[in-house]
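Structure data (mmCIF, C-alpha atoms) from protein.cif:
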```cif
data_work
#
loop_
_atom_site.group_PDB
_atom_site.id
_atom_site.type_symbol
_atom_site.label_atom_id
_atom_site.label_comp_id
_atom_site.auth_asym_id
_atom_site.auth_seq_id
_atom_site.Cartn_x
_atom_site.Cartn_y
_atom_site.Cartn_z
ATOM 1 C CA MET A 18 -61.567 -22.865 3.250
ATOM 2 C CA PRO A 19 -61.870 -26.044 1.172
ATOM 3 C CA TYR A 20 -63.369 -29.044 2.913
ATOM 4 C CA LYS A 21 -60.813 -31.662 3.975
ATOM 5 C CA PHE A 22 -61.952 -35.231 3.672
ATOM 6 C CA PRO A 23 -60.818 -37.363 6.585
ATOM 7 C CA GLY A 24 -57.949 -39.704 5.764
ATOM 8 C CA VAL A 25 -57.197 -37.985 2.442
ATOM 9 C CA SER A 26 -53.937 -36.065 2.114
ATOM 10 C CA THR A 27 -54.042 -32.533 0.799
ATOM 11 C CA PRO A 28 -51.829 -31.276 -2.035
ATOM 12 C CA ALA A 29 -49.651 -29.461 0.526
ATOM 13 C CA THR A 30 -48.625 -32.790 2.018
ATOM 14 C CA TRP A 31 -47.887 -34.471 -1.282
ATOM 15 C CA SER A 32 -44.278 -35.142 -2.259
ATOM 16 C CA ARG A 33 -42.843 -32.351 -4.394
ATOM 17 C CA LYS A 34 -39.841 -34.238 -5.727
ATOM 18 C CA PRO A 35 -39.355 -33.509 -9.437
ATOM 19 C CA VAL A 36 -40.113 -36.417 -11.679
ATOM 20 C CA PRO A 37 -37.246 -37.060 -14.111
ATOM 21 C CA THR A 38 -38.362 -36.625 -17.664
ATOM 22 C CA LEU A 39 -36.875 -37.672 -20.936
ATOM 23 C CA MET A 40 -35.878 -34.040 -21.589
ATOM 24 C CA ASN A 41 -33.913 -33.830 -18.310
ATOM 25 C CA ARG A 42 -32.073 -37.054 -19.096
ATOM 26 C CA ALA A 43 -31.239 -35.853 -22.581
ATOM 27 C CA GLU A 44 -29.931 -32.562 -21.179
ATOM 28 C CA ARG A 45 -27.720 -34.375 -18.682
ATOM 29 C CA ILE A 46 -26.346 -36.632 -21.410
ATOM 30 C CA ARG A 47 -25.661 -33.606 -23.587
ATOM 31 C CA ASN A 48 -23.833 -31.840 -20.747
ATOM 32 C CA HIS A 49 -21.705 -34.938 -20.122
ATOM 33 C CA LEU A 50 -20.854 -35.200 -23.804
ATOM 34 C CA MET A 51 -19.885 -31.516 -23.925
ATOM 35 C CA ALA A 52 -17.618 -31.948 -20.877
ATOM 36 C CA LEU A 53 -15.981 -35.070 -22.299
ATOM 37 C CA PRO A 54 -13.472 -33.415 -24.729
ATOM 38 C CA PRO A 55 -11.942 -31.007 -22.143
ATOM 39 C CA ALA A 56 -11.903 -33.819 -19.566
ATOM 40 C CA LEU A 57 -10.016 -36.086 -21.963
ATOM 41 C CA TYR A 58 -7.652 -33.244 -22.826
ATOM 42 C CA LEU A 59 -6.823 -32.645 -19.141
ATOM 43 C CA LEU A 60 -6.465 -36.360 -18.548
ATOM 44 C CA LEU A 61 -4.078 -36.976 -21.455
ATOM 45 C CA PHE A 62 -2.007 -33.787 -21.313
ATOM 46 C CA PHE A 63 -2.016 -32.959 -17.599
ATOM 47 C CA ALA A 64 -2.954 -35.872 -15.343
ATOM 48 C CA VAL A 65 -0.994 -38.572 -17.183
ATOM 49 C CA PRO A 66 2.217 -36.486 -17.544
ATOM 50 C CA SER A 67 1.956 -35.471 -13.882
ATOM 51 C CA VAL A 68 1.737 -39.112 -12.818
ATOM 52 C CA MET A 69 4.706 -39.939 -15.038
ATOM 53 C CA MET A 70 6.761 -37.138 -13.465
ATOM 54 C CA LEU A 71 5.745 -38.280 -9.981
ATOM 55 C CA PHE A 72 6.909 -41.783 -10.826
ATOM 56 C CA ALA A 73 10.161 -40.411 -12.315
ATOM 57 C CA SER A 74 10.906 -38.239 -9.264
ATOM 58 C CA PHE A 75 11.576 -41.355 -7.168
ATOM 59 C CA ARG A 76 13.970 -42.950 -9.658
ATOM 60 C CA TYR A 77 17.696 -42.634 -10.302
ATOM 61 C CA PRO A 78 19.127 -40.808 -13.314
ATOM 62 C CA GLY A 79 20.613 -42.993 -16.023
ATOM 63 C CA GLU A 80 24.320 -43.209 -16.703
ATOM 64 C CA TYR A 81 23.949 -41.302 -19.962
ATOM 65 C CA GLY A 82 20.962 -39.220 -18.925
ATOM 66 C CA GLY A 83 17.279 -39.973 -18.748
ATOM 67 C CA LEU A 84 16.034 -42.517 -16.226
ATOM 68 C CA ALA A 85 17.659 -45.623 -14.839
ATOM 69 C CA PRO A 86 15.582 -48.853 -14.777
ATOM 70 C CA TRP A 87 13.056 -48.884 -11.955
ATOM 71 C CA TYR A 88 13.773 -52.521 -11.171
ATOM 72 C CA TYR A 89 16.619 -54.998 -11.471
ATOM 73 C CA ILE A 90 16.980 -58.730 -11.201
ATOM 74 C CA GLU A 91 20.044 -60.007 -9.380
ATOM 75 C CA HIS A 92 20.670 -63.655 -8.558
ATOM 76 C CA GLY A 93 17.157 -64.456 -9.635
ATOM 77 C CA GLN A 94 15.612 -61.952 -7.204
ATOM 78 C CA PHE A 95 13.386 -59.095 -8.339
ATOM 79 C CA SER A 96 14.007 -55.738 -6.592
ATOM 80 C CA LEU A 97 12.641 -52.238 -7.029
ATOM 81 C CA ASP A 98 15.054 -49.344 -7.407
ATOM 82 C CA PHE A 99 13.458 -46.187 -6.005
ATOM 83 C CA THR A 100 14.918 -43.378 -3.903
ATOM 84 C CA LEU A 101 14.024 -40.229 -1.972
ATOM 85 C CA GLU A 102 17.332 -38.538 -2.771
ATOM 86 C CA ASN A 103 15.809 -36.254 -5.380
ATOM 87 C CA TRP A 104 13.276 -34.800 -2.936
ATOM 88 C CA LEU A 105 15.871 -34.491 -0.173
ATOM 89 C CA ARG A 106 18.155 -32.649 -2.573
ATOM 90 C CA LEU A 107 15.497 -29.988 -3.042
ATOM 91 C CA PHE A 108 15.438 -29.153 0.667
ATOM 92 C CA GLU A 109 19.113 -29.769 1.465
ATOM 93 C CA SER A 110 20.279 -26.975 -0.810
ATOM 94 C CA GLY A 111 18.743 -23.545 -0.366
ATOM 95 C CA ILE A 112 19.586 -22.570 -3.939
ATOM 96 C CA TYR A 113 16.541 -24.181 -5.524
ATOM 97 C CA LEU A 114 14.093 -22.949 -2.896
ATOM 98 C CA GLY A 115 15.634 -19.491 -3.224
ATOM 99 C CA LEU A 116 15.100 -19.540 -6.989
ATOM 100 C CA LEU A 117 11.551 -20.759 -6.438
ATOM 101 C CA PHE A 118 10.732 -17.855 -4.126
ATOM 102 C CA LYS A 119 12.501 -15.471 -6.497
ATOM 103 C CA SER A 120 10.332 -16.719 -9.367
ATOM 104 C CA LEU A 121 7.229 -16.305 -7.195
ATOM 105 C CA GLY A 122 8.271 -12.733 -6.485
ATOM 106 C CA TYR A 123 8.804 -12.012 -10.188
ATOM 107 C CA ALA A 124 5.423 -13.526 -11.080
ATOM 108 C CA ILE A 125 3.582 -11.633 -8.314
ATOM 109 C CA LEU A 126 5.257 -8.343 -9.253
ATOM 110 C CA THR A 127 4.428 -8.901 -12.924
ATOM 111 C CA THR A 128 0.798 -9.602 -12.035
ATOM 112 C CA LEU A 129 0.518 -6.474 -9.883
ATOM 113 C CA ILE A 130 2.075 -4.234 -12.542
ATOM 114 C CA CYS A 131 -0.164 -5.725 -15.244
ATOM 115 C CA THR A 132 -3.237 -5.126 -13.062
ATOM 116 C CA ILE A 133 -2.305 -1.491 -12.399
ATOM 117 C CA MET A 134 -1.610 -0.837 -16.077
ATOM 118 C CA ALA A 135 -4.483 -2.864 -17.526
ATOM 119 C CA TYR A 136 -7.345 -1.637 -15.341
ATOM 120 C CA PRO A 137 -7.577 1.972 -16.594
ATOM 121 C CA LEU A 138 -6.996 0.842 -20.185
ATOM 122 C CA ALA A 139 -9.694 -1.842 -19.994
ATOM 123 C CA LEU A 140 -12.079 0.626 -18.340
ATOM 124 C CA MET A 141 -11.444 3.182 -21.080
ATOM 125 C CA ILE A 142 -12.077 0.594 -23.809
ATOM 126 C CA ALA A 143 -15.267 -0.652 -22.117
ATOM 127 C CA ARG A 144 -16.682 2.880 -21.832
ATOM 128 C CA SER A 145 -15.599 4.064 -25.286
ATOM 129 C CA GLN A 146 -17.906 4.325 -28.267
ATOM 130 C CA LYS A 147 -18.551 1.234 -30.350
ATOM 131 C CA ARG A 148 -16.705 2.542 -33.413
ATOM 132 C CA PHE A 149 -13.519 3.124 -31.389
ATOM 133 C CA ARG A 150 -13.856 0.043 -29.195
ATOM 134 C CA ASP A 151 -13.099 -2.462 -31.938
ATOM 135 C CA LEU A 152 -10.008 -0.501 -33.004
ATOM 136 C CA LEU A 153 -8.707 -0.348 -29.423
ATOM 137 C CA LEU A 154 -9.210 -4.084 -28.969
ATOM 138 C CA LEU A 155 -7.371 -4.680 -32.223
ATOM 139 C CA LEU A 156 -4.421 -2.665 -30.909
ATOM 140 C CA VAL A 157 -4.395 -4.767 -27.729
ATOM 141 C CA ILE A 158 -4.159 -8.080 -29.585
ATOM 142 C CA LEU A 159 -1.864 -6.714 -32.311
ATOM 143 C CA PRO A 160 1.370 -7.976 -30.624
ATOM 144 C CA PHE A 161 0.078 -11.547 -30.951
ATOM 145 C CA TRP A 162 0.466 -11.232 -34.707
ATOM 146 C CA SER A 163 4.264 -11.397 -34.398
ATOM 147 C CA ASN A 164 6.391 -14.244 -33.126
ATOM 148 C CA PHE A 165 7.109 -14.445 -29.394
ATOM 149 C CA LEU A 166 10.886 -14.687 -29.840
ATOM 150 C CA VAL A 167 10.927 -11.825 -32.337
ATOM 151 C CA ARG A 168 9.362 -9.552 -29.718
ATOM 152 C CA ILE A 169 11.954 -10.624 -27.136
ATOM 153 C CA TYR A 170 14.769 -9.923 -29.616
ATOM 154 C CA ALA A 171 13.289 -6.460 -30.102
ATOM 155 C CA TRP A 172 13.582 -5.826 -26.363
ATOM 156 C CA MET A 173 17.182 -7.078 -26.501
ATOM 157 C CA ILE A 174 17.904 -4.331 -29.013
ATOM 158 C CA ILE A 175 16.153 -1.749 -26.833
ATOM 159 C CA PHE A 176 18.070 -2.761 -23.695
ATOM 160 C CA SER A 177 21.430 -3.267 -25.412
ATOM 161 C CA PRO A 178 24.348 -1.026 -24.337
ATOM 162 C CA GLN A 179 24.267 0.603 -27.806
ATOM 163 C CA GLY A 180 20.497 1.170 -27.615
ATOM 164 C CA ALA A 181 19.024 4.657 -27.531
ATOM 165 C CA LEU A 182 17.359 4.005 -24.154
ATOM 166 C CA THR A 183 20.574 2.943 -22.409
ATOM 167 C CA ILE A 184 22.602 5.751 -23.992
ATOM 168 C CA GLY A 185 20.005 8.333 -22.976
ATOM 169 C CA LEU A 186 19.843 7.098 -19.388
ATOM 170 C CA ASN A 187 23.640 7.063 -19.131
ATOM 171 C CA HIS A 188 23.764 10.678 -20.299
ATOM 172 C CA VAL A 189 21.385 11.560 -17.486
ATOM 173 C CA THR A 190 23.370 9.588 -14.897
ATOM 174 C CA ALA A 191 26.616 11.190 -16.096
ATOM 175 C CA ALA A 192 25.093 14.667 -15.692
ATOM 176 C CA LEU A 193 24.059 13.739 -12.147
ATOM 177 C CA GLY A 194 27.497 12.385 -11.339
ATOM 178 C CA LEU A 195 26.308 8.776 -11.070
ATOM 179 C CA GLU A 196 27.822 5.616 -12.485
ATOM 180 C CA PRO A 197 26.561 4.315 -15.841
ATOM 181 C CA ILE A 198 23.870 1.675 -15.741
ATOM 182 C CA SER A 199 23.318 -1.460 -17.796
ATOM 183 C CA LEU A 200 19.747 -2.529 -18.544
ATOM 184 C CA MET A 201 20.674 -5.720 -20.358
ATOM 185 C CA PHE A 202 20.982 -8.924 -18.305
ATOM 186 C CA SER A 203 19.200 -7.490 -15.288
ATOM 187 C CA SER A 204 16.049 -8.074 -13.272
ATOM 188 C CA THR A 205 14.638 -4.831 -14.679
ATOM 189 C CA ALA A 206 14.823 -6.182 -18.219
ATOM 190 C CA VAL A 207 13.150 -9.448 -17.187
ATOM 191 C CA ILE A 208 10.262 -7.753 -15.348
ATOM 192 C CA THR A 209 9.732 -5.234 -18.158
ATOM 193 C CA CYS A 210 9.527 -7.938 -20.821
ATOM 194 C CA LEU A 211 7.293 -10.116 -18.631
ATOM 195 C CA VAL A 212 4.857 -7.222 -18.253
ATOM 196 C CA TYR A 213 4.973 -6.465 -21.981
ATOM 197 C CA VAL A 214 4.275 -10.064 -22.984
ATOM 198 C CA HIS A 215 1.482 -10.746 -20.475
ATOM 199 C CA LEU A 216 -0.291 -7.378 -20.358
ATOM 200 C CA PRO A 217 -2.918 -8.317 -23.000
ATOM 201 C CA PHE A 218 -3.870 -11.380 -20.927
ATOM 202 C CA MET A 219 -4.908 -8.993 -18.137
ATOM 203 C CA ILE A 220 -6.615 -6.430 -20.362
ATOM 204 C CA LEU A 221 -8.939 -8.820 -22.195
ATOM 205 C CA PRO A 222 -10.586 -10.510 -19.138
ATOM 206 C CA LEU A 223 -10.943 -7.120 -17.450
ATOM 207 C CA TYR A 224 -12.563 -5.641 -20.544
ATOM 208 C CA ALA A 225 -14.945 -8.599 -20.845
ATOM 209 C CA ASN A 226 -15.998 -8.012 -17.222
ATOM 210 C CA LEU A 227 -16.223 -4.207 -17.299
ATOM 211 C CA GLU A 228 -18.160 -4.178 -20.560
ATOM 212 C CA LYS A 229 -21.040 -6.053 -18.883
ATOM 213 C CA HIS A 230 -21.504 -3.560 -16.027
ATOM 214 C CA ASP A 231 -24.863 -1.812 -15.831
ATOM 215 C CA SER A 232 -24.274 1.948 -16.149
ATOM 216 C CA ARG A 233 -27.630 2.631 -14.469
ATOM 217 C CA LEU A 234 -26.074 1.653 -11.146
ATOM 218 C CA LEU A 235 -23.573 4.501 -11.477
ATOM 219 C CA ASP A 236 -26.348 6.929 -12.429
ATOM 220 C CA ALA A 237 -28.362 5.871 -9.410
ATOM 221 C CA ALA A 238 -25.349 6.263 -7.110
ATOM 222 C CA GLN A 239 -24.676 9.759 -8.444
ATOM 223 C CA ASP A 240 -28.331 10.702 -7.922
ATOM 224 C CA LEU A 241 -27.949 9.620 -4.294
ATOM 225 C CA GLY A 242 -24.963 11.934 -3.823
ATOM 226 C CA ALA A 243 -21.977 9.656 -4.458
ATOM 227 C CA ASN A 244 -18.903 11.203 -6.049
ATOM 228 C CA ARG A 245 -16.799 9.583 -8.769
ATOM 229 C CA PHE A 246 -14.413 7.862 -6.370
ATOM 230 C CA GLN A 247 -17.291 6.421 -4.330
ATOM 231 C CA CYS A 248 -18.985 5.188 -7.506
ATOM 232 C CA PHE A 249 -15.795 3.460 -8.580
ATOM 233 C CA TRP A 250 -14.843 1.999 -5.200
ATOM 234 C CA LEU A 251 -18.313 0.854 -4.135
ATOM 235 C CA ILE A 252 -19.778 -0.235 -7.485
ATOM 236 C CA THR A 253 -17.244 -0.665 -10.313
ATOM 237 C CA TRP A 254 -14.370 -2.169 -8.327
ATOM 238 C CA PRO A 255 -16.341 -4.960 -6.530
ATOM 239 C CA GLN A 256 -18.024 -6.007 -9.767
ATOM 240 C CA SER A 257 -14.686 -6.170 -11.602
ATOM 241 C CA LEU A 258 -12.993 -8.505 -9.102
ATOM 242 C CA PRO A 259 -13.881 -11.699 -11.045
ATOM 243 C CA GLY A 260 -12.192 -10.207 -14.114
ATOM 244 C CA ILE A 261 -9.130 -9.315 -12.054
ATOM 245 C CA TYR A 262 -8.903 -12.845 -10.656
ATOM 246 C CA ALA A 263 -9.221 -14.362 -14.138
ATOM 247 C CA GLY A 264 -6.566 -12.039 -15.550
ATOM 248 C CA ALA A 265 -4.272 -12.677 -12.592
ATOM 249 C CA ILE A 266 -4.387 -16.420 -13.283
ATOM 250 C CA LEU A 267 -3.607 -15.905 -16.977
ATOM 251 C CA VAL A 268 -0.643 -13.674 -16.118
ATOM 252 C CA PHE A 269 0.739 -15.403 -13.036
ATOM 253 C CA ILE A 270 0.909 -18.993 -14.321
ATOM 254 C CA PRO A 271 3.029 -18.384 -17.467
ATOM 255 C CA SER A 272 5.151 -15.777 -15.648
ATOM 256 C CA LEU A 273 6.071 -18.289 -12.958
ATOM 257 C CA GLY A 274 7.372 -21.020 -15.266
ATOM 258 C CA ILE A 275 8.732 -19.016 -18.197
ATOM 259 C CA PHE A 276 12.359 -19.541 -19.218
ATOM 260 C CA ALA A 277 12.872 -17.855 -22.608
ATOM 261 C CA ILE A 278 12.776 -14.280 -21.297
ATOM 262 C CA PRO A 279 15.219 -14.862 -18.388
ATOM 263 C CA ASP A 280 17.514 -16.764 -20.748
ATOM 264 C CA LEU A 281 17.735 -13.958 -23.286
ATOM 265 C CA LEU A 282 17.349 -10.856 -21.116
ATOM 266 C CA GLY A 283 18.218 -11.874 -17.568
ATOM 267 C CA GLY A 284 21.517 -13.694 -17.766
ATOM 268 C CA THR A 285 22.763 -14.958 -14.413
ATOM 269 C CA ASN A 286 21.029 -12.143 -12.522
ATOM 270 C CA GLY A 287 17.534 -12.863 -13.820
ATOM 271 C CA ILE A 288 17.507 -16.673 -13.779
ATOM 272 C CA MET A 289 14.201 -18.225 -12.678
ATOM 273 C CA ILE A 290 13.014 -21.686 -11.683
ATOM 274 C CA GLY A 291 11.903 -22.396 -15.259
ATOM 275 C CA ASN A 292 15.500 -22.049 -16.424
ATOM 276 C CA VAL A 293 16.640 -24.603 -13.840
ATOM 277 C CA ILE A 294 13.944 -27.076 -14.900
ATOM 278 C CA LYS A 295 14.945 -26.688 -18.549
ATOM 279 C CA GLN A 296 18.588 -27.141 -17.597
ATOM 280 C CA GLN A 297 17.866 -30.370 -15.693
ATOM 281 C CA PHE A 298 15.973 -31.919 -18.615
ATOM 282 C CA VAL A 299 17.979 -30.611 -21.573
ATOM 283 C CA GLU A 300 21.543 -29.934 -20.427
ATOM 284 C CA SER A 301 22.190 -31.971 -17.260
ATOM 285 C CA ARG A 302 19.718 -34.685 -18.357
ATOM 286 C CA ASP A 303 18.837 -35.279 -14.719
ATOM 287 C CA TRP A 304 15.208 -36.127 -15.352
ATOM 288 C CA PRO A 305 14.353 -37.268 -11.798
ATOM 289 C CA PHE A 306 15.359 -33.973 -10.188
ATOM 290 C CA GLY A 307 13.788 -32.025 -13.043
ATOM 291 C CA SER A 308 10.567 -33.908 -12.329
ATOM 292 C CA VAL A 309 10.779 -32.899 -8.657
ATOM 293 C CA LEU A 310 11.100 -29.221 -9.543
ATOM 294 C CA SER A 311 8.288 -29.486 -12.091
ATOM 295 C CA LEU A 312 5.963 -31.126 -9.577
ATOM 296 C CA VAL A 313 6.670 -28.483 -6.942
ATOM 297 C CA LEU A 314 6.002 -25.724 -9.464
ATOM 298 C CA THR A 315 2.807 -27.445 -10.632
ATOM 299 C CA GLY A 316 1.583 -27.900 -7.046
ATOM 300 C CA ILE A 317 2.134 -24.235 -6.184
ATOM 301 C CA THR A 318 0.371 -23.170 -9.373
ATOM 302 C CA LEU A 319 -2.652 -25.394 -8.658
ATOM 303 C CA LEU A 320 -2.965 -24.085 -5.110
ATOM 304 C CA LEU A 321 -2.905 -20.483 -6.293
ATOM 305 C CA VAL A 322 -5.401 -21.210 -9.079
ATOM 306 C CA LEU A 323 -7.798 -22.838 -6.605
ATOM 307 C CA LEU A 324 -7.403 -19.860 -4.281
ATOM 308 C CA ALA A 325 -8.115 -17.408 -7.106
ATOM 309 C CA ALA A 326 -11.145 -19.447 -8.219
ATOM 310 C CA LYS A 327 -12.495 -19.459 -4.670
ATOM 311 C CA LEU A 328 -11.991 -15.713 -4.335
ATOM 312 C CA GLY A 329 -13.710 -15.217 -7.693
ATOM 313 C CA LYS A 330 -16.751 -17.225 -6.588
ATOM 314 C CA THR A 331 -16.895 -15.355 -3.281
ATOM 315 C CA GLY A 332 -16.743 -12.016 -5.070
ATOM 316 C CA SER A 333 -19.489 -13.040 -7.492
ATOM 317 C CA ALA A 334 -21.690 -14.231 -4.636
ATOM 318 C CA ASN A 335 -21.172 -10.993 -2.703
ATOM 319 C CA ASN A 336 -22.071 -8.953 -5.768
ATOM 320 C CA GLY A 337 -25.167 -11.045 -6.402
ATOM 321 C CA THR A 338 -23.968 -12.206 -9.817
#
```
Whole structure, C-alpha cells version:
Amino acid sequence: MPYKFPGVSTPATWSRKPVPTLMNRAERIRNHLMALPPALYLLLFFAVPSVMMLFASFRYPGEYGGLAPWYYIEHGQFSLDFTLENWLRLFESGIYLGLLFKSLGYAILTTLICTIMAYPLALMIARSQKRFRDLLLLLVILPFWSNFLVRIYAWMIIFSPQGALTIGLNHVTAALGLEPISLMFSSTAVITCLVYVHLPFMILPLYANLEKHDSRLLDAAQDLGANRFQCFWLITWPQSLPGIYAGAILVFIPSLGIFAIPDLLGGTNGIMIGNVIKQQFVESRDWPFGSVLSLVLTGITLLLVLLAAKLGKTGSANNGT
C-alpha cells in the first residue's frame, strides 16, 4: 500500500467535479443555437396563437362576426368586457361534447386500424432485400405525389351510388334478400378514407424502428428453443413500441381535427369536431366559441402526445435502448 502522509489528502478524497472547459461551453452554445429555430417556430406558430385564442374565448362575438371590443368607455369610465358564456355553452349543450367524443372514437379507431395494417407491411419492408426495399418504400410514399383533395375525390367516385363497389355490394345484398346499402355519406366512408390518408404516417416510423433491430437476437432466441411467435412477442414487439407510439401520434393528431374528409364523404352522419370548428370561424363567424372548441381540442391532443411520449420513453428504458 502507498504511504499516506499525515494531514495530506489522498486522490480518493479529492473533489471529482468536472472542470468546465472551453470545448464544453462551445458545445452548449452550439446546442442552444440548434434548438433556437424550432423553439422560435413553436413560439410564433403555436404558443402565440394559443394565447390569442385563449384571450378570444372570453370575449363576445361582434355584431357582424369576429370579436367585439374587449373594453368600452362609458361616461368616462373604463370597463372590461369579458364573459364565461362561451365556456358554459360548451358544457350546457351535450351536442359539442358528443361530437368531441365521436371524433376521439374515429381517431382512435383510425389509429388502431393503421397499426394493424402497417405493422406487417413495415416488418416485411424492413426484412426485405436492399434492392426491393427502396422500391417498396417508394410505393408507400407514392400517394403523397398527388394532391390531397384529388385523392378524396377519387374515393367519392369509388363510394358513389353509381360506383362499381356499391353496385357490386348491392348485388350481393339483393341475392341475400337484404336492403341495398349506401357507402357514400357514411361513417364507413370517413373511416376508410382516414385510414387511407394516414396509413403511410404509421408505416414509415415503424419501418425506421424495425430496420434497426439486431437480427442476432432472434437467432439467439431460436437457438435457445423459442418459436417464431415467442421471438416476435418477446423480442420484436417490445423493441418496436417506440415506433408504434411515434406512428400513433402522427396518425391520431391529424385524424382528430380533420374536416375535409367528413365534409366530402361523411355528410351529416360523419361530421366531426373539426367541421364544427370550421363552421364557427368561417360560416357562423362566432370566433369566441370557435376558440373554445379549438382550445379543448388542442388540450386533449397535448395530453395524449405527452402520454405517448412518456410511454415511448418507458418502453425504450425497459428495452435498454
Problem - Residue among A:Glu91, A:Glu228, A:Glu80, A:Glu109 lying closest to A:Ile142, counting all atoms listed in the file - result: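 Of A:Glu91, A:Glu228, A:Glu80, A:Glu109, the one nearest A:Ile142 is A:Glu228, counting all atoms listed in the file.
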Problem - Atom-to-atom span, atom CA of A:His230 and atom CA of A:Met141, Å - result: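 So the answer is 13.1 Å.
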Practice task
Translate the PyMOL selection byres ((chain A and resi 138) around 10), as applied to the file shown, into an explicit residue set as a ChimeraX atom specification.
Solution key: /A:133-137,139-143,153,157,220,223-224
Handout entry: For atom CA of A:Ser96 and atom CA of A:Gly82, the interatomic separation in Å (one decimal)
Key = 21.8 Å
Problem - Neighbour list for A:Ser311 as number ranges by chain, cut-off 12 Å, all atoms listed in the file, skip fewer than 2 positions in-chain - result: A: 66-71, 73-74, 104, 107, 113, 117, 273-274, 290-298, 304-309, 313-318
Report the centre and edge lengths, in Å to one decimal, of an axis-aligned box enclosing every atom of stretch 171-187 of chain A listed in the file, padded by 6 Å on each side, as AutoDock Vina command-line options.
```
--center_x 18.8 --center_y 0.6 --center_z -24.6 --size_x 23.1 --size_y 27.4 --size_z 23.0
```
I would like the residues chosen by the PyMOL selection byres ((chain A and resi 98) around 10) on the shown file; could you give them as a PDB file with C-alpha atoms, keeping the file's coordinate frame?
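What ended up in out_9.pdb:
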```pdb
ATOM      1  CA  PHE A  75      11.576 -41.355  -7.168  1.00  0.00           C
ATOM      2  CA  ARG A  76      13.970 -42.950  -9.658  1.00  0.00           C
ATOM      3  CA  TYR A  77      17.696 -42.634 -10.302  1.00  0.00           C
ATOM      4  CA  ALA A  85      17.659 -45.623 -14.839  1.00  0.00           C
ATOM      5  CA  PRO A  86      15.582 -48.853 -14.777  1.00  0.00           C
ATOM      6  CA  TRP A  87      13.056 -48.884 -11.955  1.00  0.00           C
ATOM      7  CA  TYR A  88      13.773 -52.521 -11.171  1.00  0.00           C
ATOM      8  CA  TYR A  89      16.619 -54.998 -11.471  1.00  0.00           C
ATOM      9  CA  PHE A  95      13.386 -59.095  -8.339  1.00  0.00           C
ATOM     10  CA  SER A  96      14.007 -55.738  -6.592  1.00  0.00           C
ATOM     11  CA  LEU A  97      12.641 -52.238  -7.029  1.00  0.00           C
ATOM     12  CA  PHE A  99      13.458 -46.187  -6.005  1.00  0.00           C
ATOM     13  CA  THR A 100      14.918 -43.378  -3.903  1.00  0.00           C
TER      14      THR A 100
END
```
Dump stretch 76-80 of chain A with all heavy atoms to a file, as a PDB file, in the first residue's frame.
```pdb
ATOM      1  N   ARG A  76     -64.276  36.549 -24.822  1.00  0.00           N
ATOM      2  CA  ARG A  76     -64.850  37.767 -25.375  1.00  0.00           C
ATOM      3  C   ARG A  76     -66.193  37.475 -26.044  1.00  0.00           C
ATOM      4  O   ARG A  76     -66.576  36.310 -26.234  1.00  0.00           O
ATOM      5  CB  ARG A  76     -63.875  38.397 -26.382  1.00  0.00           C
ATOM      6  CG  ARG A  76     -62.581  38.857 -25.734  1.00  0.00           C
ATOM      7  CD  ARG A  76     -61.546  39.267 -26.758  1.00  0.00           C
ATOM      8  NE  ARG A  76     -61.990  40.403 -27.560  1.00  0.00           N
ATOM      9  CZ  ARG A  76     -61.240  40.961 -28.510  1.00  0.00           C
ATOM     10  NH1 ARG A  76     -60.021  40.488 -28.754  1.00  0.00           N
ATOM     11  NH2 ARG A  76     -61.700  41.994 -29.201  1.00  0.00           N
ATOM     12  N   TYR A  77     -66.891  38.532 -26.406  1.00  0.00           N
ATOM     13  CA  TYR A  77     -68.178  38.412 -27.081  1.00  0.00           C
ATOM     14  C   TYR A  77     -67.964  38.451 -28.590  1.00  0.00           C
ATOM     15  O   TYR A  77     -67.029  39.098 -29.082  1.00  0.00           O
ATOM     16  CB  TYR A  77     -69.105  39.557 -26.675  1.00  0.00           C
ATOM     17  CG  TYR A  77     -69.625  39.472 -25.266  1.00  0.00           C
ATOM     18  CD1 TYR A  77     -69.024  40.202 -24.239  1.00  0.00           C
ATOM     19  CD2 TYR A  77     -70.719  38.663 -24.957  1.00  0.00           C
ATOM     20  CE1 TYR A  77     -69.500  40.138 -22.938  1.00  0.00           C
ATOM     21  CE2 TYR A  77     -71.203  38.590 -23.660  1.00  0.00           C
ATOM     22  CZ  TYR A  77     -70.594  39.325 -22.655  1.00  0.00           C
ATOM     23  OH  TYR A  77     -71.069  39.246 -21.371  1.00  0.00           O
ATOM     24  N   PRO A  78     -68.830  37.754 -29.347  1.00  0.00           N
ATOM     25  CA  PRO A  78     -68.730  37.882 -30.805  1.00  0.00           C
ATOM     26  C   PRO A  78     -69.205  39.247 -31.272  1.00  0.00           C
ATOM     27  O   PRO A  78     -70.082  39.867 -30.654  1.00  0.00           O
ATOM     28  CB  PRO A  78     -69.651  36.770 -31.322  1.00  0.00           C
ATOM     29  CG  PRO A  78     -70.615  36.538 -30.210  1.00  0.00           C
ATOM     30  CD  PRO A  78     -69.862  36.807 -28.932  1.00  0.00           C
ATOM     31  N   GLY A  79     -68.642  39.732 -32.355  1.00  0.00           N
ATOM     32  CA  GLY A  79     -69.030  41.020 -32.898  1.00  0.00           C
ATOM     33  C   GLY A  79     -70.390  40.965 -33.574  1.00  0.00           C
ATOM     34  O   GLY A  79     -70.928  39.888 -33.873  1.00  0.00           O
ATOM     35  N   GLU A  80     -70.958  42.111 -33.814  1.00  0.00           N
ATOM     36  CA  GLU A  80     -72.274  42.169 -34.449  1.00  0.00           C
ATOM     37  C   GLU A  80     -72.258  41.590 -35.861  1.00  0.00           C
ATOM     38  O   GLU A  80     -73.231  40.974 -36.298  1.00  0.00           O
ATOM     39  CB  GLU A  80     -72.762  43.618 -34.495  1.00  0.00           C
ATOM     40  CG  GLU A  80     -73.018  44.232 -33.124  1.00  0.00           C
ATOM     41  CD  GLU A  80     -73.552  45.639 -33.241  1.00  0.00           C
ATOM     42  OE1 GLU A  80     -73.779  46.095 -34.386  1.00  0.00           O
ATOM     43  OE2 GLU A  80     -73.755  46.280 -32.196  1.00  0.00           O
TER      44      GLU A  80
END
```
